[in-house]
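Here's the structure, in structure tokens; my notes come after.
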Amino acid sequence: MSSPSKRRDMDVMKLMMSDYVVEPINDGINELNVEFHGPKESLYEGGVWKVRVELPDAYPYKSPSIGFLNRIFHPNVDELSGAVCLDVINQSWSPMFDLLNVFEVFLPQLLLYPNPSSPLNGDAASLMMKNKEQYEKKVKEYCELYAKKGDSSGTLTDDNDEDVTDDDISDGRSESSEDVAGNADP
């Protein structure tokens, strides 16, 4: 590649030509919303999330920022901000990776193999380690409540927080997203 901007253009075009629904934000290609489906044969199967992607000027040499816009119950996703704690994006990013890798490999693996020992959502991590059955029930409950195709009622915005009752979600939430290097600012 002759320049980062050409590579960015190519990667965004590849993502748009794939099976993903991609919505550019502000008529540019540095910020995108991508429709992401939970991996088959996982607790998240059937869920559809809107994922925000922000490409830094130095992309692909610097990793993209990735964040879920609608709620997801997962030890490595901050429930309040949607920020993702994913080592390959945060610390091990390489220009060999592209946006398709993020959606076809990295995010599916994150959902298939959560890491409760490095949590952004302490409640999810604790529940996963102490009561796997309750954890699985809560994941599926969140999928039903917040991850339906075409339903934006579970997006992480101040406007929609009023619609969520304490009965819908657990009382305690993780507030730590400092461990997310280079990802969605809370």
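Letters A, B, ... go to the chains of the structure tokens in the order shown; residues in each chain start at 1; ligands are counted from 1 in the same order.
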
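By only C-alpha atoms, and with residues fewer than 5 positions from A:Ala58 along its chain excluded, the set lying at most 12 Å from it is Ser3, Pro4, Ser5, Lys6, Arg7, Arg8, Asn30, Ser63, Pro64, Ser94 and Pro95 of chain A.
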
Excluding A:Phe103 and residues on its chain fewer than 2 positions from it, collect all residues at most 12 Å away from it, counting only C-alpha atoms, and give them as a PyMOL selection string. chain A and resi 14-16+18-22+33-39+49-53+64+66-67+89+97-101+105-111

In stretch 3-99 of chain A, DSSP strand (DSSP E or B) residues written as a compact mmCIF listing (two decimals) with N, CA, C and O atoms, in the first residue's frame:
```
# COMPACT_ATOMS: atom_id res chain seq x y z
N VAL A 22 -23.10 -1.52 6.71
CA VAL A 22 -22.15 -0.51 7.15
C VAL A 22 -22.76 0.86 6.89
O VAL A 22 -23.19 1.16 5.78
N GLU A 23 -22.81 1.69 7.94
CA GLU A 23 -23.34 3.05 7.82
C GLU A 23 -22.23 4.04 8.12
O GLU A 23 -21.82 4.17 9.28
N PRO A 24 -21.74 4.75 7.10
CA PRO A 24 -20.76 5.81 7.38
C PRO A 24 -21.41 6.92 8.21
O PRO A 24 -22.59 7.21 8.05
N GLU A 31 -15.45 7.14 10.56
CA GLU A 31 -16.39 6.67 11.59
C GLU A 31 -17.50 5.90 10.90
O GLU A 31 -18.11 6.39 9.95
N LEU A 32 -17.76 4.71 11.41
CA LEU A 32 -18.76 3.83 10.82
C LEU A 32 -19.57 3.15 11.92
O LEU A 32 -19.06 2.91 13.01
N ASN A 33 -20.80 2.82 11.61
CA ASN A 33 -21.57 1.90 12.43
C ASN A 33 -21.74 0.64 11.59
O ASN A 33 -22.10 0.70 10.42
N VAL A 34 -21.48 -0.51 12.21
CA VAL A 34 -21.54 -1.79 11.50
C VAL A 34 -22.50 -2.71 12.25
O VAL A 34 -22.42 -2.83 13.47
N GLU A 35 -23.39 -3.35 11.50
CA GLU A 35 -24.32 -4.31 12.10
C GLU A 35 -23.58 -5.63 12.28
O GLU A 35 -23.06 -6.21 11.33
N PHE A 36 -23.55 -6.10 13.53
CA PHE A 36 -22.81 -7.31 13.87
C PHE A 36 -23.76 -8.34 14.47
O PHE A 36 -24.50 -8.03 15.40
N HIS A 37 -23.74 -9.55 13.93
CA HIS A 37 -24.60 -10.64 14.41
C HIS A 37 -23.82 -11.55 15.34
O HIS A 37 -22.66 -11.89 15.06
N VAL A 48 -28.31 -9.00 17.41
CA VAL A 48 -27.77 -8.09 16.40
C VAL A 48 -27.37 -6.80 17.10
O VAL A 48 -28.20 -6.16 17.74
N TRP A 49 -26.10 -6.45 16.98
CA TRP A 49 -25.58 -5.26 17.63
C TRP A 49 -25.10 -4.26 16.60
O TRP A 49 -24.64 -4.62 15.52
N LYS A 50 -25.22 -3.01 16.97
CA LYS A 50 -24.62 -1.94 16.18
C LYS A 50 -23.29 -1.64 16.84
O LYS A 50 -23.23 -1.36 18.03
N VAL A 51 -22.21 -1.75 16.06
CA VAL A 51 -20.87 -1.55 16.58
C VAL A 51 -20.28 -0.30 15.94
O VAL A 51 -20.29 -0.15 14.71
N ARG A 52 -19.79 0.60 16.76
CA ARG A 52 -19.17 1.83 16.30
C ARG A 52 -17.70 1.58 16.03
O ARG A 52 -17.00 1.01 16.87
N VAL A 53 -17.23 2.00 14.87
CA VAL A 53 -15.82 1.85 14.50
C VAL A 53 -15.28 3.24 14.21
O VAL A 53 -15.87 3.98 13.42
N GLU A 54 -14.19 3.60 14.86
CA GLU A 54 -13.52 4.86 14.58
C GLU A 54 -12.10 4.54 14.14
O GLU A 54 -11.35 3.87 14.84
N SER A 65 -10.84 2.03 16.99
CA SER A 65 -11.59 1.99 18.25
C SER A 65 -12.90 1.29 17.96
O SER A 65 -13.58 1.60 16.99
N ILE A 66 -13.25 0.35 18.83
CA ILE A 66 -14.43 -0.48 18.62
C ILE A 66 -15.31 -0.38 19.86
O ILE A 66 -14.81 -0.48 20.99
N GLY A 67 -16.61 -0.17 19.68
CA GLY A 67 -17.52 -0.12 20.82
C GLY A 67 -18.92 -0.54 20.44
O GLY A 67 -19.40 -0.20 19.35
N PHE A 68 -19.57 -1.29 21.30
CA PHE A 68 -20.96 -1.69 21.08
C PHE A 68 -21.86 -0.51 21.39
O PHE A 68 -21.69 0.15 22.42
N ASN A 70 -25.35 -0.84 21.35
CA ASN A 70 -26.46 -1.32 22.16
C ASN A 70 -25.91 -2.28 23.22
O ASN A 70 -24.82 -2.80 23.12
N VAL A 77 -16.79 -6.32 27.90
CA VAL A 77 -17.41 -5.15 27.28
C VAL A 77 -18.00 -4.30 28.39
O VAL A 77 -18.81 -4.78 29.18
N ALA A 83 -17.39 0.02 25.42
CA ALA A 83 -15.98 -0.18 25.09
C ALA A 83 -15.62 -1.66 25.18
O ALA A 83 -16.13 -2.39 26.02
N VAL A 84 -14.73 -2.08 24.29
CA VAL A 84 -14.34 -3.47 24.19
C VAL A 84 -12.92 -3.65 24.72
O VAL A 84 -12.02 -2.91 24.35
```

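If you measure from each of A:Trp93, A:Tyr113, A:Phe73, A:Tyr59 to A:Tyr135 using only C-alpha atoms, the closest one turns out to be A:Phe73.
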
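Across the structure, atom CA of A:Pro114 and atom CA of A:Tyr61 are spaced 26.3 Å apart.
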